[in-house]
Amino acid sequence: MVTEPELEVLISKRKIAAAVRRLAAEIQVDYRDKYPLIVGILKGSFVFVSDLVRCLDIPLQVDFIRLSSYGSCTESAGKVTVINDLPVHIQGRHVLVVEDIIDTGLTTSFLCDYLRQQGPASVKLCSLIDKPSRRIVPVKIDYLGFTVPNLFIVGYGIDYDEKYRNLPDICIIKEEGKC
Ligand code: PRP
C-alpha cells in the first residue's frame, strides 16, 4: 500500500480567492485600454491564470509558455530553456507574466529578459506566491499574492512529483525525504 504524505493547509481556497480578486483589481486599473497579453508559465500557473483572467473585466489576450530548468527536483540548476514558445509576436505589446511561485527567481528572471529582447511595450510580473528566502537572482514582482517561508508547498497548480496540482488549497507537504 502506498502511504500518502501528510498535508496541512497553509493558504485556504477562500484566502486564495480573495487574493486573486485583489490582484485582479490592481491589474485591471493598470491595464485598462492596454489590451495586455497575459503570459502564464506552464505548468504551475495554469490554475492561477484561469482564476485571475476570469476576474479581469478588460479586453486581454491569454497565452502560455513552457520552460524547463534542469537539476534536482527541488532545486533550479540555473539553466532555463524554452520548451514551447509563445505563438504570438509581442513587439509593442504590454505583457504580464503570471507565475504560481517564485523561488530562486531563475525562471522568471530568464523569462522577463527573454521577453524584453523581443521589443514589448512593457513586461510586468504577477506571482501568487513568493518564497524570498530561496532567492538566487533578484526579481521585481509587480503584483504579489502571498509571501511564504521556506516550506515545501503543493496545490493550486503547484506539484510534488506531478501530483497535487489539483488541490484547491495551498498545503504544506510534511513527508520526510521528499525530493
Ligand atoms: C516551478 C514554478 C515556477 C518555478 C519557480 O516550476 O511553477 O515556474 O518552479 O522556481 P524558481 O524561481 O526557482 O525558478 P517547475 O520548474 O517546478 O515546473 P512546473 O511549473 O511544470 O511545475
# chains A, B, ... in the order shown; residues from 1 in each chain; ligands from 1
>>> select_by_dssp(residues="chain A", states="helix (DSSP H, G or I)", output="VMD selection string")
chain A and resid 13 to 31 46 to 54 106 to 116 132 to 134
>>> select_by_dssp(residues="chain A", states="strand (DSSP E)", output="PyMOL selection string")
chain A and resi 7-11+37-42+61-69+80-84+94-102+122-130+143-147+153-154+170-173
>>> residues_around(residues="stretch 76-91 of chain A", least_positions_apart="4", cutoff="6 Å", atoms="only C-alpha atoms", output="list in words")
Ile65, Arg66, Leu67, Ser68, Ser69, Tyr70, Gly71, Gln118, Gly119 and Pro120 of chain A
>>> residues_near_ligand(ligand="ligand 1", cutoff="7 Å", atoms="only C-alpha atoms and all ligand atoms", output="count of residues only")
21
>>> residues_around(residues="stretch 47-62 of chain A", least_positions_apart="4", cutoff="8 Å", atoms="only C-alpha atoms", output="list in words")
Val20, Arg21, Leu23, Ala24, Ala25, Ile27, Gln28, Tyr31, Arg32, Asp33, Tyr35, Pro36, Leu37, Ile38, Val39, Gly40, Val98, Glu99, Asp100, Leu128, Tyr156 and Gly157 of chain A
>>> atom_distance(atom1="atom CA of A:Lys140", atom2="atom CA of A:Ala19")
18.7 Å
>>> atom_distance(atom1="atom CA of A:Gly155", atom2="atom CA of A:Val97")
19.9 Å
>>> residues_around(residues="A:Phe152", least_positions_apart="3", cutoff="8 Å", atoms="only C-alpha atoms", output="VMD selection string")
chain A and resid 172 to 174
>>> write_last_selection(atoms="N, CA, C and O atoms", output="PDB file, in the first residue's frame")
ATOM      1  N   ILE A 172       1.087  22.570   2.958  1.00  0.00           N
ATOM      2  CA  ILE A 172       2.448  22.153   3.288  1.00  0.00           C
ATOM      3  C   ILE A 172       2.478  20.636   3.195  1.00  0.00           C
ATOM      4  O   ILE A 172       1.588  19.957   3.723  1.00  0.00           O
ATOM      5  N   ILE A 173       3.480  20.107   2.526  1.00  0.00           N
ATOM      6  CA  ILE A 173       3.623  18.658   2.436  1.00  0.00           C
ATOM      7  C   ILE A 173       4.685  18.243   3.462  1.00  0.00           C
ATOM      8  O   ILE A 173       5.773  18.811   3.508  1.00  0.00           O
ATOM      9  N   LYS A 174       4.320  17.310   4.309  1.00  0.00           N
ATOM     10  CA  LYS A 174       5.127  17.079   5.506  1.00  0.00           C
ATOM     11  C   LYS A 174       5.983  15.825   5.459  1.00  0.00           C
ATOM     12  O   LYS A 174       6.671  15.520   6.415  1.00  0.00           O
TER      13      LYS A 174
END
>>> atom_distance(atom1="atom CA of A:Val29", atom2="atom CA of A:Ala17")
18.7 Å
>>> decode(residues="stretch 131-175 of chain A", atoms="N, CA and C atoms", output="PDB file, in the first residue's frame")
ATOM      1  N   LYS A 131       8.669  33.145  -2.367  1.00  0.00           N
ATOM      2  CA  LYS A 131       9.446  32.483  -1.313  1.00  0.00           C
ATOM      3  C   LYS A 131      10.841  33.144  -1.306  1.00  0.00           C
ATOM      4  N   PRO A 132      10.932  34.355  -0.748  1.00  0.00           N
ATOM      5  CA  PRO A 132      12.156  35.156  -0.913  1.00  0.00           C
ATOM      6  C   PRO A 132      13.399  34.554  -0.250  1.00  0.00           C
ATOM      7  N   SER A 133      13.208  33.687   0.730  1.00  0.00           N
ATOM      8  CA  SER A 133      14.370  33.092   1.409  1.00  0.00           C
ATOM      9  C   SER A 133      15.196  32.214   0.475  1.00  0.00           C
ATOM     10  N   ARG A 134      14.641  31.842  -0.659  1.00  0.00           N
ATOM     11  CA  ARG A 134      15.330  30.953  -1.597  1.00  0.00           C
ATOM     12  C   ARG A 134      15.932  31.703  -2.790  1.00  0.00           C
ATOM     13  N   ARG A 135      15.845  33.017  -2.781  1.00  0.00           N
ATOM     14  CA  ARG A 135      16.220  33.767  -3.978  1.00  0.00           C
ATOM     15  C   ARG A 135      17.705  33.668  -4.307  1.00  0.00           C
ATOM     16  N   ILE A 136      18.003  33.450  -5.584  1.00  0.00           N
ATOM     17  CA  ILE A 136      19.381  33.466  -6.088  1.00  0.00           C
ATOM     18  C   ILE A 136      19.599  34.712  -6.937  1.00  0.00           C
ATOM     19  N   VAL A 137      18.614  35.045  -7.776  1.00  0.00           N
ATOM     20  CA  VAL A 137      18.718  36.264  -8.587  1.00  0.00           C
ATOM     21  C   VAL A 137      17.561  37.200  -8.212  1.00  0.00           C
ATOM     22  N   PRO A 138      17.816  38.506  -8.181  1.00  0.00           N
ATOM     23  CA  PRO A 138      16.742  39.439  -7.813  1.00  0.00           C
ATOM     24  C   PRO A 138      15.643  39.474  -8.876  1.00  0.00           C
ATOM     25  N   VAL A 139      14.404  39.582  -8.410  1.00  0.00           N
ATOM     26  CA  VAL A 139      13.248  39.654  -9.309  1.00  0.00           C
ATOM     27  C   VAL A 139      12.319  40.723  -8.775  1.00  0.00           C
ATOM     28  N   LYS A 140      11.865  41.599  -9.661  1.00  0.00           N
ATOM     29  CA  LYS A 140      10.881  42.610  -9.257  1.00  0.00           C
ATOM     30  C   LYS A 140       9.485  42.040  -9.499  1.00  0.00           C
ATOM     31  N   ILE A 141       8.734  41.880  -8.425  1.00  0.00           N
ATOM     32  CA  ILE A 141       7.367  41.351  -8.539  1.00  0.00           C
ATOM     33  C   ILE A 141       6.404  42.534  -8.458  1.00  0.00           C
ATOM     34  N   ASP A 142       5.672  42.769  -9.533  1.00  0.00           N
ATOM     35  CA  ASP A 142       4.792  43.933  -9.586  1.00  0.00           C
ATOM     36  C   ASP A 142       3.470  43.693  -8.886  1.00  0.00           C
ATOM     37  N   TYR A 143       2.981  42.454  -8.915  1.00  0.00           N
ATOM     38  CA  TYR A 143       1.707  42.099  -8.267  1.00  0.00           C
ATOM     39  C   TYR A 143       1.940  40.780  -7.526  1.00  0.00           C
ATOM     40  N   LEU A 144       1.759  40.813  -6.197  1.00  0.00           N
ATOM     41  CA  LEU A 144       2.086  39.625  -5.390  1.00  0.00           C
ATOM     42  C   LEU A 144       0.924  39.260  -4.465  1.00  0.00           C
ATOM     43  N   GLY A 145       0.631  37.964  -4.418  1.00  0.00           N
ATOM     44  CA  GLY A 145      -0.412  37.471  -3.526  1.00  0.00           C
ATOM     45  C   GLY A 145       0.084  37.263  -2.111  1.00  0.00           C
ATOM     46  N   PHE A 146       1.003  36.326  -1.933  1.00  0.00           N
ATOM     47  CA  PHE A 146       1.458  35.936  -0.596  1.00  0.00           C
ATOM     48  C   PHE A 146       2.973  35.740  -0.567  1.00  0.00           C
ATOM     49  N   THR A 147       3.558  36.070   0.578  1.00  0.00           N
ATOM     50  CA  THR A 147       4.951  35.710   0.847  1.00  0.00           C
ATOM     51  C   THR A 147       4.935  34.548   1.834  1.00  0.00           C
ATOM     52  N   VAL A 148       5.690  33.502   1.535  1.00  0.00           N
ATOM     53  CA  VAL A 148       5.690  32.329   2.418  1.00  0.00           C
ATOM     54  C   VAL A 148       7.122  32.015   2.854  1.00  0.00           C
ATOM     55  N   PRO A 149       7.255  31.355   4.021  1.00  0.00           N
ATOM     56  CA  PRO A 149       8.583  30.921   4.446  1.00  0.00           C
ATOM     57  C   PRO A 149       9.053  29.709   3.629  1.00  0.00           C
ATOM     58  N   ASN A 150      10.231  29.230   3.938  1.00  0.00           N
ATOM     59  CA  ASN A 150      10.826  28.147   3.157  1.00  0.00           C
ATOM     60  C   ASN A 150      10.219  26.800   3.548  1.00  0.00           C
ATOM     61  N   LEU A 151       8.976  26.591   3.125  1.00  0.00           N
ATOM     62  CA  LEU A 151       8.266  25.337   3.357  1.00  0.00           C
ATOM     63  C   LEU A 151       8.017  24.668   2.010  1.00  0.00           C
ATOM     64  N   PHE A 152       7.890  23.357   2.008  1.00  0.00           N
ATOM     65  CA  PHE A 152       7.582  22.650   0.763  1.00  0.00           C
ATOM     66  C   PHE A 152       6.072  22.665   0.579  1.00  0.00           C
ATOM     67  N   ILE A 153       5.608  23.379  -0.433  1.00  0.00           N
ATOM     68  CA  ILE A 153       4.163  23.537  -0.602  1.00  0.00           C
ATOM     69  C   ILE A 153       3.680  22.946  -1.927  1.00  0.00           C
ATOM     70  N   VAL A 154       2.414  22.540  -1.917  1.00  0.00           N
ATOM     71  CA  VAL A 154       1.766  21.969  -3.107  1.00  0.00           C
ATOM     72  C   VAL A 154       0.344  22.517  -3.189  1.00  0.00           C
ATOM     73  N   GLY A 155      -0.274  22.277  -4.346  1.00  0.00           N
ATOM     74  CA  GLY A 155      -1.675  22.650  -4.526  1.00  0.00           C
ATOM     75  C   GLY A 155      -1.844  23.907  -5.355  1.00  0.00           C
ATOM     76  N   TYR A 156      -3.067  24.107  -5.860  1.00  0.00           N
ATOM     77  CA  TYR A 156      -3.414  25.268  -6.679  1.00  0.00           C
ATOM     78  C   TYR A 156      -2.401  25.418  -7.835  1.00  0.00           C
ATOM     79  N   GLY A 157      -2.097  24.309  -8.461  1.00  0.00           N
ATOM     80  CA  GLY A 157      -1.173  24.306  -9.607  1.00  0.00           C
ATOM     81  C   GLY A 157       0.231  23.838  -9.285  1.00  0.00           C
ATOM     82  N   ILE A 158       0.615  23.923  -8.012  1.00  0.00           N
ATOM     83  CA  ILE A 158       1.988  23.573  -7.626  1.00  0.00           C
ATOM     84  C   ILE A 158       2.048  22.075  -7.321  1.00  0.00           C
ATOM     85  N   ASP A 159       3.048  21.414  -7.875  1.00  0.00           N
ATOM     86  CA  ASP A 159       3.125  19.955  -7.754  1.00  0.00           C
ATOM     87  C   ASP A 159       4.249  19.487  -6.844  1.00  0.00           C
ATOM     88  N   TYR A 160       4.127  18.221  -6.455  1.00  0.00           N
ATOM     89  CA  TYR A 160       5.255  17.448  -5.960  1.00  0.00           C
ATOM     90  C   TYR A 160       5.246  16.168  -6.784  1.00  0.00           C
ATOM     91  N   ASP A 161       6.274  15.986  -7.608  1.00  0.00           N
ATOM     92  CA  ASP A 161       6.347  14.810  -8.466  1.00  0.00           C
ATOM     93  C   ASP A 161       5.088  14.702  -9.343  1.00  0.00           C
ATOM     94  N   GLU A 162       4.642  15.852  -9.849  1.00  0.00           N
ATOM     95  CA  GLU A 162       3.476  15.967 -10.747  1.00  0.00           C
ATOM     96  C   GLU A 162       2.128  15.699 -10.064  1.00  0.00           C
ATOM     97  N   LYS A 163       2.128  15.501  -8.760  1.00  0.00           N
ATOM     98  CA  LYS A 163       0.861  15.298  -8.047  1.00  0.00           C
ATOM     99  C   LYS A 163       0.466  16.583  -7.301  1.00  0.00           C
ATOM    100  N   TYR A 164      -0.770  16.624  -6.876  1.00  0.00           N
ATOM    101  CA  TYR A 164      -1.323  17.666  -6.001  1.00  0.00           C
ATOM    102  C   TYR A 164      -1.632  18.993  -6.689  1.00  0.00           C
ATOM    103  N   ARG A 165      -1.416  19.100  -8.014  1.00  0.00           N
ATOM    104  CA  ARG A 165      -1.718  20.371  -8.683  1.00  0.00           C
ATOM    105  C   ARG A 165      -3.208  20.711  -8.547  1.00  0.00           C
ATOM    106  N   ASN A 166      -4.036  19.690  -8.381  1.00  0.00           N
ATOM    107  CA  ASN A 166      -5.488  19.891  -8.353  1.00  0.00           C
ATOM    108  C   ASN A 166      -6.034  20.253  -6.977  1.00  0.00           C
ATOM    109  N   LEU A 167      -5.204  20.316  -5.953  1.00  0.00           N
ATOM    110  CA  LEU A 167      -5.713  20.701  -4.634  1.00  0.00           C
ATOM    111  C   LEU A 167      -6.216  22.144  -4.666  1.00  0.00           C
ATOM    112  N   PRO A 168      -7.391  22.424  -4.127  1.00  0.00           N
ATOM    113  CA  PRO A 168      -7.897  23.806  -4.151  1.00  0.00           C
ATOM    114  C   PRO A 168      -7.189  24.736  -3.161  1.00  0.00           C
ATOM    115  N   ASP A 169      -6.614  24.166  -2.097  1.00  0.00           N
ATOM    116  CA  ASP A 169      -5.849  24.956  -1.127  1.00  0.00           C
ATOM    117  C   ASP A 169      -4.356  24.798  -1.413  1.00  0.00           C
ATOM    118  N   ILE A 170      -3.569  25.720  -0.887  1.00  0.00           N
ATOM    119  CA  ILE A 170      -2.110  25.550  -0.912  1.00  0.00           C
ATOM    120  C   ILE A 170      -1.718  24.914   0.418  1.00  0.00           C
ATOM    121  N   CYS A 171      -1.043  23.781   0.328  1.00  0.00           N
ATOM    122  CA  CYS A 171      -0.774  22.965   1.516  1.00  0.00           C
ATOM    123  C   CYS A 171       0.717  22.742   1.700  1.00  0.00           C
ATOM    124  N   ILE A 172       1.087  22.570   2.958  1.00  0.00           N
ATOM    125  CA  ILE A 172       2.448  22.153   3.288  1.00  0.00           C
ATOM    126  C   ILE A 172       2.478  20.636   3.195  1.00  0.00           C
ATOM    127  N   ILE A 173       3.480  20.107   2.526  1.00  0.00           N
ATOM    128  CA  ILE A 173       3.623  18.658   2.436  1.00  0.00           C
ATOM    129  C   ILE A 173       4.685  18.243   3.462  1.00  0.00           C
ATOM    130  N   LYS A 174       4.320  17.310   4.309  1.00  0.00           N
ATOM    131  CA  LYS A 174       5.127  17.079   5.506  1.00  0.00           C
ATOM    132  C   LYS A 174       5.983  15.825   5.459  1.00  0.00           C
ATOM    133  N   GLU A 175       5.945  15.131   4.325  1.00  0.00           N
ATOM    134  CA  GLU A 175       6.720  13.897   4.227  1.00  0.00           C
ATOM    135  C   GLU A 175       8.219  14.194   4.337  1.00  0.00           C
TER     136      GLU A 175
END
